[in-house]
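Chemist: Coordinates in query-v4.pdb, PDB, C-alpha atoms and all ligand atoms, are listed below.
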ATOM      1  CA  MET A 612     116.717 249.101  -5.292
ATOM      2  CA  THR A 613     119.856 247.703  -3.783
ATOM      3  CA  THR A 614     120.169 245.682  -0.612
ATOM      4  CA  THR A 615     123.273 245.456   1.532
ATOM      5  CA  THR A 616     123.826 242.851   4.231
ATOM      6  CA  ALA A 617     126.315 242.923   7.099
ATOM      7  CA  THR A 618     126.872 240.586  10.026
ATOM      8  CA  ALA A 619     128.644 240.518  13.376
ATOM      9  CA  PRO A 620     129.278 237.450  15.552
ATOM     10  CA  GLY A 621     128.426 236.819  19.172
ATOM     11  CA  LYS A 622     131.159 236.648  21.767
ATOM     12  CA  VAL A 623     131.980 235.136  25.097
ATOM     13  CA  ILE A 624     134.349 236.364  27.739
ATOM     14  CA  LEU A 625     136.641 233.426  28.521
ATOM     15  CA  PHE A 626     138.280 234.960  31.565
ATOM     16  CA  GLY A 627     138.288 238.258  33.419
ATOM     17  CA  GLU A 628     134.763 239.744  33.399
ATOM     18  CA  HIS A 629     134.077 242.413  36.038
ATOM     19  CA  ALA A 630     137.766 242.766  36.932
ATOM     20  CA  VAL A 631     138.189 244.165  33.407
ATOM     21  CA  VAL A 632     136.061 247.160  34.411
ATOM     22  CA  TYR A 633     138.822 247.879  36.992
ATOM     23  CA  ALA A 634     141.710 247.824  34.513
ATOM     24  CA  ARG A 635     142.637 244.154  34.807
ATOM     25  CA  PRO A 636     142.972 242.133  31.591
ATOM     26  CA  ALA A 637     140.288 239.913  30.098
ATOM     27  CA  ILE A 638     140.219 237.421  27.262
ATOM     28  CA  ALA A 639     137.225 237.207  24.959
ATOM     29  CA  VAL A 640     136.571 235.265  21.780
ATOM     30  CA  PRO A 641     134.035 235.596  18.975
ATOM     31  CA  VAL A 642     131.384 232.899  18.606
ATOM     32  CA  ALA A 643     130.743 232.612  14.900
ATOM     33  CA  ASN A 644     127.893 230.065  15.210
ATOM     34  CA  VAL A 645     125.570 232.840  16.333
ATOM     35  CA  LYS A 646     125.334 236.264  14.758
ATOM     36  CA  ALA A 647     123.420 239.467  14.121
ATOM     37  CA  THR A 648     122.547 240.248  10.510
ATOM     38  CA  ALA A 649     121.495 243.676   9.272
ATOM     39  CA  THR A 650     120.049 244.339   5.826
ATOM     40  CA  LEU A 651     119.678 247.784   4.350
ATOM     41  CA  THR A 652     117.377 248.397   1.382
ATOM     42  CA  ASP A 653     116.722 251.661  -0.414
ATOM     43  CA  ALA A 654     113.169 252.794   0.363
ATOM     44  CA  PRO A 655     110.861 255.001  -1.758
ATOM     45  CA  VAL A 656     111.886 258.660  -1.869
ATOM     46  CA  GLY A 657     110.584 260.690   1.054
ATOM     47  CA  THR A 658     109.891 257.729   3.364
ATOM     48  CA  GLY A 659     112.904 258.411   5.585
ATOM     49  CA  CYS A 660     114.895 255.872   7.525
ATOM     50  CA  THR A 661     113.205 253.092   9.487
ATOM     51  CA  ILE A 662     114.757 250.308  11.501
ATOM     52  CA  ALA A 663     112.967 247.033  12.195
ATOM     53  CA  ALA A 664     114.090 244.438  14.717
ATOM     54  CA  PRO A 665     111.420 241.724  14.365
ATOM     55  CA  ASP A 666     112.994 239.540  17.084
ATOM     56  CA  ILE A 667     112.070 242.157  19.685
ATOM     57  CA  GLY A 668     109.007 243.545  17.899
ATOM     58  CA  ALA A 669     110.657 246.919  17.270
ATOM     59  CA  ASN A 670     109.958 249.092  14.246
ATOM     60  CA  ILE A 671     111.160 252.630  14.667
ATOM     61  CA  ARG A 672     111.738 255.765  12.652
ATOM     62  CA  LEU A 673     115.225 257.184  12.912
ATOM     63  CA  SER A 674     114.006 260.761  13.308
ATOM     64  CA  SER A 675     111.676 260.119  16.244
ATOM     65  CA  HIS A 676     113.779 257.752  18.396
ATOM     66  CA  ARG A 677     117.047 259.559  18.781
ATOM     67  CA  GLN A 678     118.194 257.756  21.934
ATOM     68  CA  ASP A 679     117.042 254.279  21.022
ATOM     69  CA  PRO A 680     120.121 251.982  20.790
ATOM     70  CA  LEU A 681     119.280 250.810  17.254
ATOM     71  CA  ALA A 682     118.677 254.370  16.085
ATOM     72  CA  LEU A 683     121.822 255.635  17.782
ATOM     73  CA  ALA A 684     124.009 253.071  15.997
ATOM     74  CA  VAL A 685     122.486 254.018  12.638
ATOM     75  CA  ARG A 686     122.573 257.763  13.299
ATOM     76  CA  LEU A 687     126.235 257.775  14.393
ATOM     77  CA  ALA A 688     127.173 255.724  11.325
ATOM     78  CA  ILE A 689     125.254 258.071   9.007
ATOM     79  CA  GLU A 690     126.972 261.087  10.612
ATOM     80  CA  GLU A 691     130.331 259.469   9.955
ATOM     81  CA  THR A 692     129.550 259.052   6.228
ATOM     82  CA  GLY A 693     128.836 262.773   5.867
ATOM     83  CA  ILE A 694     125.315 262.156   4.503
ATOM     84  CA  GLU A 695     123.354 265.194   5.692
ATOM     85  CA  ALA A 696     119.674 264.640   4.906
ATOM     86  CA  GLU A 697     117.994 261.594   6.418
ATOM     87  CA  PRO A 698     118.360 258.831   3.803
ATOM     88  CA  ASP A 699     115.393 256.808   2.561
ATOM     89  CA  TRP A 700     116.403 253.445   3.943
ATOM     90  CA  GLN A 701     114.728 250.412   5.440
ATOM     91  CA  LEU A 702     117.047 248.607   7.832
ATOM     92  CA  THR A 703     116.165 245.248   9.336
ATOM     93  CA  VAL A 704     118.239 243.533  11.968
ATOM     94  CA  ARG A 705     117.867 239.942  13.155
ATOM     95  CA  SER A 706     119.948 238.054  15.625
ATOM     96  CA  ASP A 707     120.165 234.515  16.917
ATOM     97  CA  ILE A 708     122.448 235.582  19.764
ATOM     98  CA  PRO A 709     120.624 235.135  23.087
ATOM     99  CA  ILE A 710     119.558 238.572  24.358
ATOM    100  CA  ALA A 711     120.877 239.743  27.757
ATOM    101  CA  GLY A 712     122.866 236.545  28.080
ATOM    102  CA  GLY A 713     126.448 237.789  28.053
ATOM    103  CA  MET A 714     127.029 236.897  24.416
ATOM    104  CA  GLY A 715     127.306 240.434  23.140
ATOM    105  CA  SER A 716     123.936 240.553  21.368
ATOM    106  CA  GLY A 717     123.570 244.317  21.784
ATOM    107  CA  ALA A 718     127.081 244.997  20.503
ATOM    108  CA  ALA A 719     126.622 242.627  17.558
ATOM    109  CA  VAL A 720     123.328 244.259  16.552
ATOM    110  CA  SER A 721     124.914 247.738  16.671
ATOM    111  CA  ALA A 722     127.968 246.511  14.756
ATOM    112  CA  ALA A 723     125.878 244.848  12.034
ATOM    113  CA  LEU A 724     123.791 248.026  11.610
ATOM    114  CA  ALA A 725     126.806 250.349  11.455
ATOM    115  CA  LYS A 726     128.604 248.017   9.033
ATOM    116  CA  ALA A 727     125.524 247.877   6.787
ATOM    117  CA  VAL A 728     125.364 251.699   6.682
ATOM    118  CA  PHE A 729     129.059 251.920   5.835
ATOM    119  CA  ALA A 730     128.919 249.236   3.156
ATOM    120  CA  HIS A 731     125.765 250.666   1.575
ATOM    121  CA  SER A 732     127.083 254.212   1.432
ATOM    122  CA  ARG A 733     130.422 252.928   0.110
ATOM    123  CA  PHE A 734     132.138 254.442   3.144
ATOM    124  CA  SER A 735     133.900 251.119   3.793
ATOM    125  CA  ALA A 736     135.311 251.084   0.266
ATOM    126  CA  GLN A 737     136.764 254.564   0.653
ATOM    127  CA  HIS A 738     138.133 254.453   4.209
ATOM    128  CA  ARG A 739     140.816 252.126   5.448
ATOM    129  CA  HIS A 740     139.981 252.237   9.132
ATOM    130  CA  THR A 741     136.316 251.344   9.065
ATOM    131  CA  ALA A 742     136.612 248.746  11.829
ATOM    132  CA  GLU A 743     137.978 251.349  14.265
ATOM    133  CA  THR A 744     135.071 253.642  13.431
ATOM    134  CA  VAL A 745     132.494 250.864  13.857
ATOM    135  CA  ASN A 746     134.153 249.987  17.156
ATOM    136  CA  ARG A 747     133.861 253.581  18.386
ATOM    137  CA  ILE A 748     130.191 253.754  17.387
ATOM    138  CA  VAL A 749     129.322 250.452  19.049
ATOM    139  CA  TYR A 750     131.087 251.586  22.220
ATOM    140  CA  GLU A 751     128.936 254.750  22.279
ATOM    141  CA  VAL A 752     125.797 252.622  22.013
ATOM    142  CA  GLU A 753     127.043 250.259  24.735
ATOM    143  CA  LYS A 754     127.130 253.270  27.059
ATOM    144  CA  LEU A 755     123.327 253.425  26.802
ATOM    145  CA  HIS A 756     123.176 249.925  28.283
ATOM    146  CA  HIS A 757     125.509 250.690  31.129
ATOM    147  CA  ALA A 758     127.514 253.646  32.237
ATOM    148  CA  HIS A 759     130.930 252.001  32.525
ATOM    149  CA  PRO A 760     131.394 249.522  29.670
ATOM    150  CA  SER A 761     134.970 248.281  29.564
ATOM    151  CA  GLY A 762     134.862 248.168  25.754
ATOM    152  CA  ILE A 763     135.521 244.438  25.520
ATOM    153  CA  ASP A 764     132.198 243.478  23.900
ATOM    154  CA  ASN A 765     132.421 245.939  21.040
ATOM    155  CA  THR A 766     136.079 245.102  20.405
ATOM    156  CA  VAL A 767     135.604 241.339  20.016
ATOM    157  CA  VAL A 768     132.395 241.597  18.064
ATOM    158  CA  VAL A 769     133.701 244.234  15.656
ATOM    159  CA  TYR A 770     137.105 242.641  14.983
ATOM    160  CA  ALA A 771     135.713 239.069  15.163
ATOM    161  CA  GLN A 772     139.046 237.936  16.622
ATOM    162  CA  PRO A 773     140.130 236.565  20.004
ATOM    163  CA  VAL A 774     141.464 239.468  22.045
ATOM    164  CA  TRP A 775     143.441 240.217  25.143
ATOM    165  CA  PHE A 776     141.807 243.335  26.401
ATOM    166  CA  VAL A 777     142.852 245.939  28.947
ATOM    167  CA  ARG A 778     140.639 248.959  29.319
ATOM    168  CA  GLY A 779     142.163 252.067  27.747
ATOM    169  CA  GLN A 780     144.802 250.106  25.808
ATOM    170  CA  PRO A 781     144.628 248.944  22.211
ATOM    171  CA  PRO A 782     143.284 245.360  22.134
ATOM    172  CA  GLN A 783     145.901 242.714  21.406
ATOM    173  CA  ARG A 784     145.188 239.714  19.259
ATOM    174  CA  PHE A 785     147.016 236.606  20.271
ATOM    175  CA  TYR A 786     147.873 233.243  18.860
ATOM    176  CA  ILE A 787     145.825 230.158  19.695
ATOM    177  CA  SER A 788     148.256 227.337  19.116
ATOM    178  CA  ARG A 789     145.841 224.475  19.830
ATOM    179  CA  PRO A 790     142.123 224.825  19.205
ATOM    180  CA  PHE A 791     139.768 223.918  22.032
ATOM    181  CA  HIS A 792     136.035 223.412  22.388
ATOM    182  CA  LEU A 793     133.560 225.341  24.438
ATOM    183  CA  VAL A 794     130.037 224.361  25.315
ATOM    184  CA  ILE A 795     128.038 227.505  26.050
ATOM    185  CA  ALA A 796     124.771 227.085  27.926
ATOM    186  CA  ASP A 797     122.080 229.638  28.557
ATOM    187  CA  THR A 798     120.445 229.686  31.993
ATOM    188  CA  GLY A 799     117.438 231.313  30.346
ATOM    189  CA  ILE A 800     117.568 233.957  33.056
ATOM    190  CA  ALA A 801     117.943 237.439  31.606
ATOM    191  CA  SER A 802     120.399 239.536  33.528
ATOM    192  CA  SER A 803     121.014 243.249  33.274
ATOM    193  CA  THR A 804     124.721 243.966  32.844
ATOM    194  CA  ALA A 805     124.109 247.512  34.081
ATOM    195  CA  ALA A 806     122.547 246.301  37.330
ATOM    196  CA  VAL A 807     125.248 243.732  38.074
ATOM    197  CA  VAL A 808     128.096 246.115  37.211
ATOM    198  CA  SER A 809     126.532 248.777  39.476
ATOM    199  CA  ASP A 810     126.184 246.291  42.333
ATOM    200  CA  VAL A 811     129.848 245.360  42.033
ATOM    201  CA  ARG A 812     130.768 249.034  41.973
ATOM    202  CA  ARG A 813     128.812 249.733  45.152
ATOM    203  CA  ALA A 814     130.431 246.763  46.880
ATOM    204  CA  TRP A 815     133.887 247.899  45.694
ATOM    205  CA  GLU A 816     133.202 251.410  47.028
ATOM    206  CA  ARG A 817     132.313 249.940  50.424
ATOM    207  CA  ASP A 818     135.162 247.482  50.599
ATOM    208  CA  SER A 819     137.764 248.442  48.042
ATOM    209  CA  LEU A 820     140.708 246.540  49.538
ATOM    210  CA  VAL A 821     138.911 243.202  49.461
ATOM    211  CA  TYR A 822     137.590 243.816  45.978
ATOM    212  CA  GLU A 823     140.928 245.001  44.619
ATOM    213  CA  ASP A 824     142.435 241.748  45.906
ATOM    214  CA  ILE A 825     139.816 239.681  44.118
ATOM    215  CA  PHE A 826     140.382 241.677  40.924
ATOM    216  CA  ASP A 827     144.148 241.070  41.235
ATOM    217  CA  GLY A 828     143.489 237.345  41.616
ATOM    218  CA  ILE A 829     141.334 237.352  38.506
ATOM    219  CA  GLY A 830     144.010 239.322  36.624
ATOM    220  CA  GLU A 831     146.578 236.628  37.451
ATOM    221  CA  ILE A 832     144.264 233.875  36.220
ATOM    222  CA  VAL A 833     143.744 235.752  32.962
ATOM    223  CA  ALA A 834     147.512 236.090  32.448
ATOM    224  CA  ASP A 835     147.987 232.360  33.126
ATOM    225  CA  ALA A 836     145.164 231.547  30.717
ATOM    226  CA  ARG A 837     146.794 233.560  27.954
ATOM    227  CA  GLN A 838     150.044 231.723  28.524
ATOM    228  CA  ALA A 839     148.195 228.377  28.410
ATOM    229  CA  ILE A 840     146.369 229.294  25.187
ATOM    230  CA  VAL A 841     149.491 230.581  23.474
ATOM    231  CA  SER A 842     151.532 227.517  24.438
ATOM    232  CA  GLY A 843     148.748 225.052  23.569
ATOM    233  CA  ASP A 844     148.346 223.857  27.157
ATOM    234  CA  VAL A 845     144.611 223.253  26.800
ATOM    235  CA  ALA A 846     144.574 221.027  29.907
ATOM    236  CA  ALA A 847     145.351 224.075  32.060
ATOM    237  CA  LEU A 848     142.225 225.933  30.952
ATOM    238  CA  GLY A 849     139.643 223.901  32.891
ATOM    239  CA  PRO A 850     141.297 224.403  36.293
ATOM    240  CA  LEU A 851     141.782 228.110  35.499
ATOM    241  CA  MET A 852     138.057 228.400  34.726
ATOM    242  CA  ARG A 853     137.222 226.800  38.056
ATOM    243  CA  GLU A 854     139.493 229.276  39.859
ATOM    244  CA  ASN A 855     138.011 232.218  37.990
ATOM    245  CA  GLN A 856     134.503 231.039  38.880
ATOM    246  CA  HIS A 857     135.536 230.768  42.529
ATOM    247  CA  LEU A 858     136.509 234.457  42.518
ATOM    248  CA  LEU A 859     133.374 235.477  40.601
ATOM    249  CA  ARG A 860     131.364 233.808  43.361
ATOM    250  CA  GLN A 861     133.207 236.002  45.856
ATOM    251  CA  LEU A 862     132.157 239.048  43.822
ATOM    252  CA  ASP A 863     128.585 237.828  44.337
ATOM    253  CA  VAL A 864     127.806 237.727  40.625
ATOM    254  CA  SER A 865     126.986 234.026  40.362
ATOM    255  CA  SER A 866     123.553 232.542  41.063
ATOM    256  CA  GLU A 867     121.989 229.268  42.148
ATOM    257  CA  GLU A 868     121.072 228.354  38.599
ATOM    258  CA  LEU A 869     124.553 229.105  37.271
ATOM    259  CA  GLU A 870     126.092 227.022  40.066
ATOM    260  CA  ARG A 871     123.700 224.143  39.428
ATOM    261  CA  LEU A 872     124.473 224.022  35.701
ATOM    262  CA  ILE A 873     128.220 224.466  36.285
ATOM    263  CA  ALA A 874     128.198 221.450  38.627
ATOM    264  CA  ILE A 875     126.236 219.388  36.092
ATOM    265  CA  ALA A 876     128.679 220.286  33.298
ATOM    266  CA  GLU A 877     131.686 219.369  35.416
ATOM    267  CA  ASP A 878     130.070 216.087  36.521
ATOM    268  CA  ALA A 879     129.392 215.280  32.855
ATOM    269  CA  GLY A 880     133.066 215.679  31.991
ATOM    270  CA  ALA A 881     133.775 219.381  31.380
ATOM    271  CA  SER A 882     137.338 220.199  32.466
ATOM    272  CA  GLY A 883     136.087 223.448  33.958
ATOM    273  CA  ALA A 884     133.164 225.839  33.747
ATOM    274  CA  LYS A 885     132.302 229.377  34.736
ATOM    275  CA  LEU A 886     129.750 232.071  34.140
ATOM    276  CA  SER A 887     130.503 234.346  31.219
ATOM    277  CA  GLY A 888     129.594 238.018  31.059
ATOM    278  CA  ALA A 889     127.888 239.933  33.810
ATOM    279  CA  GLY A 890     126.562 236.889  35.687
ATOM    280  CA  ARG A 891     123.483 236.394  37.926
ATOM    281  CA  GLY A 892     121.938 234.734  34.843
ATOM    282  CA  GLY A 893     122.932 234.640  31.218
ATOM    283  CA  ASN A 894     125.421 232.072  30.038
ATOM    284  CA  LEU A 895     127.976 229.706  31.399
ATOM    285  CA  ILE A 896     130.896 228.386  29.384
ATOM    286  CA  CYS A 897     132.573 225.022  29.762
ATOM    287  CA  VAL A 898     135.908 223.984  28.350
ATOM    288  CA  VAL A 899     135.461 220.445  27.118
ATOM    289  CA  GLU A 900     137.679 217.811  25.486
ATOM    290  CA  PRO A 901     136.302 216.944  22.013
ATOM    291  CA  ASP A 902     135.129 213.460  23.044
ATOM    292  CA  SER A 903     133.082 214.839  25.961
ATOM    293  CA  VAL A 904     131.314 217.597  24.024
ATOM    294  CA  ASP A 905     128.139 215.597  23.309
ATOM    295  CA  GLU A 906     127.834 214.286  26.824
ATOM    296  CA  VAL A 907     128.258 217.728  28.424
ATOM    297  CA  ARG A 908     125.838 219.316  26.001
ATOM    298  CA  LYS A 909     123.206 216.620  26.578
ATOM    299  CA  ALA A 910     123.576 216.826  30.358
ATOM    300  CA  LEU A 911     123.051 220.600  30.250
ATOM    301  CA  GLN A 912     120.023 220.252  28.001
ATOM    302  CA  ALA A 913     118.536 217.556  30.229
ATOM    303  CA  ALA A 914     119.101 219.810  33.241
ATOM    304  CA  GLY A 915     116.982 222.515  31.644
ATOM    305  CA  ALA A 916     119.500 224.849  29.982
ATOM    306  CA  ALA A 917     117.520 227.189  27.742
ATOM    307  CA  GLY A 918     119.930 226.678  24.856
ATOM    308  CA  THR A 919     123.397 225.361  24.143
ATOM    309  CA  VAL A 920     126.003 226.338  21.575
ATOM    310  CA  VAL A 921     129.165 224.374  20.839
ATOM    311  CA  THR A 922     132.028 226.328  19.372
ATOM    312  CA  GLN A 923     135.658 225.730  18.568
ATOM    313  CA  VAL A 924     138.071 228.448  19.616
ATOM    314  CA  GLY A 925     140.985 228.734  17.185
ATOM    315  CA  SER A 926     141.337 226.828  13.960
TER     316      SER A 926
HETATM  317  O1  LIG B1001     127.247 240.579  30.087
HETATM  318  P1  LIG B1001     128.150 241.149  29.043
HETATM  319  O2  LIG B1001     128.508 240.234  27.946
HETATM  320  O3  LIG B1001     127.704 242.490  28.558
HETATM  321  O4  LIG B1001     129.568 241.335  29.705
HETATM  322  C1  LIG B1001     129.771 242.229  30.728
HETATM  323  C2  LIG B1001     131.202 242.154  31.096
HETATM  324  C3  LIG B1001     131.538 242.999  32.298
HETATM  325  O5  LIG B1001     132.928 242.815  32.531
HETATM  326  C4  LIG B1001     130.773 242.531  33.525
HETATM  327  C5  LIG B1001     131.245 244.466  32.051
HETATM  328  C6  LIG B1001     132.154 245.115  31.017
HETATM  329  O6  LIG B1001     131.803 246.207  30.566
HETATM  330  O7  LIG B1001     133.232 244.589  30.702
END
Would you mind giving the structure from this file in structure tokens?
Ligand code: PMV
Modeler:
Amino acid sequence: MTTTTATAPGKVILFGEHAVVYARPAIAVPVANVKATATLTDAPVGTGCTIAAPDIGANIRLSSHRQDPLALAVRLAIEETGIEAEPDWQLTVRSDIPIAGGMGSGAAVSAALAKAVFAHSRFSAQHRHTAETVNRIVYEVEKLHHAHPSGIDNTVVVYAQPVWFVRGQPPQRFYISRPFHLVIADTGIASSTAAVVSDVRRAWERDSLVYEDIFDGIGEIVADARQAIVSGDVAALGPLMRENQHLLRQLDVSSEELERLIAIAEDAGASGAKLSGAGRGGNLICVVEPDSVDEVRKALQAAGAAGTVVTQVGS
């Protein structure tokens, strides 16, 4: 019996969520401190393929849950390998990425599962472009979660690299000349990306000129942020986060709890903070000078954040 393990990191969108659905750029980075881990073990002959996700109490058979997201990731990966009969496999996936919090947990789980299938079947060893294939599979699964995924989550999680992302264009990696620290805090409020993205779409349909203007404004902030990151102007990032958050508020995707925690982080010394991901709940991110990291983290914890993660972007 052999066991194969594969992982995929979490991610945060630094700048540009929502506008990215409307063809503006966004910047996202992997968060390696949290990850999804899939293990694949050969099971006794004739038992078929089962997938367990103990964190969410799921234990499903591949053959009877064709449209389940976990099963879809595994099935698409198996199809890609050319294996025809259902293999006798036990897959288990665990994740410490907060669920429905804007940290790409769904994409990371799909990526870890697809990577485990490819590694176990030696597909990865025989094909040079495995990452592209995993990316395509994870994107298909993301469509189950919401109808119009921009593709940013799967791209960052699969390549585990900071990316500049424009829908429909190949993702660009870019150089981080000076590392910076983020404190990520979870509001503890689960938020459905599908619901928030649909609300923004309805509002955009009603009032497209206003919304297009906001998206343009966000696009400009994202371009400035890239310039700041590439040139090592870390001090510019906080104010850009504040501006981005201001426009996200105008899109009506913030919430009282996000605003409360953002204010607490900024009072405790964060240079800037904003929601990350779909909004209404989920996570906020704060750009923080190294000597303020502890203070900001403690203030957020004391204010009731459901969890905090500190990560360094760039090395
Ligand atoms: O909440 P998340 O991490 O799934 O991020 C959603 C980001 C959006 O821009 C709101 C939607 C998308 O598909 O890019």
Chemist: Set the cut-off to 6 Å, count all atoms listed in the file, and list whatever residues fall near ligand LIG 1001 (chain B) as a list of chain:residue names.
Modeler: A:Glu628, A:His629, A:Val631, A:Val632, A:Gly713, A:Met714, A:Gly715, A:Pro760, A:Ser761, A:Ile763, A:Thr804, A:Val808, A:Gly888, A:Ala889
Chemist: Atom CA of A:Lys726 and atom CA of A:Gln701 are how many Å apart?
Modeler: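 Taking atom CA of A:Lys726 and atom CA of A:Gln701, their separation equals 14.5 Å.
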Chemist: Using the chain letters and numbering of this document, enumerate as a count of residues only the residues selected by the PyMOL selection byres (((chain A and resi 868) around 12) and not hetatm).
Modeler: 30
Chemist: May I ask for the distance between atom CA of A:Thr618 and atom CA of A:Ser802, given in Å to one decimal place?
Modeler: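 If I compute the distance from atom CA of A:Thr618 to atom CA of A:Ser802, I get 24.4 Å.
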Chemist: Separation of atom CA of A:Val752 and atom CA of A:Ser721, in Å?
Modeler: 7.3 Å
Chemist: Near A:Glu753, counting all atoms listed in the file, which residues have an atom at most 12 Å away, once you skip same-chain residues fewer than 2 positions from it, shown as a ChimeraX atom specification?
Modeler: /A:678-681,683-684,715-722,746-751,755-766,804-805
Chemist: List as a PyMOL selection string the protein and nucleic acid residues near A:Asp707, meaning an atom at most 7 Å away when all atoms listed in the file are counted, but skip any in the same chain fewer than 3 places from it.
Modeler: chain A and resi 645-647
Chemist: For those residues, write C-alpha atoms to a file as a compact mmCIF listing (two decimals), in the frame of the given file.
Modeler:
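Okay, this is what ended up in selection-v6.txt:
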# COMPACT_ATOMS: atom_id res chain seq x y z
CA VAL A 645 125.57 232.84 16.33
CA LYS A 646 125.33 236.26 14.76
CA ALA A 647 123.42 239.47 14.12
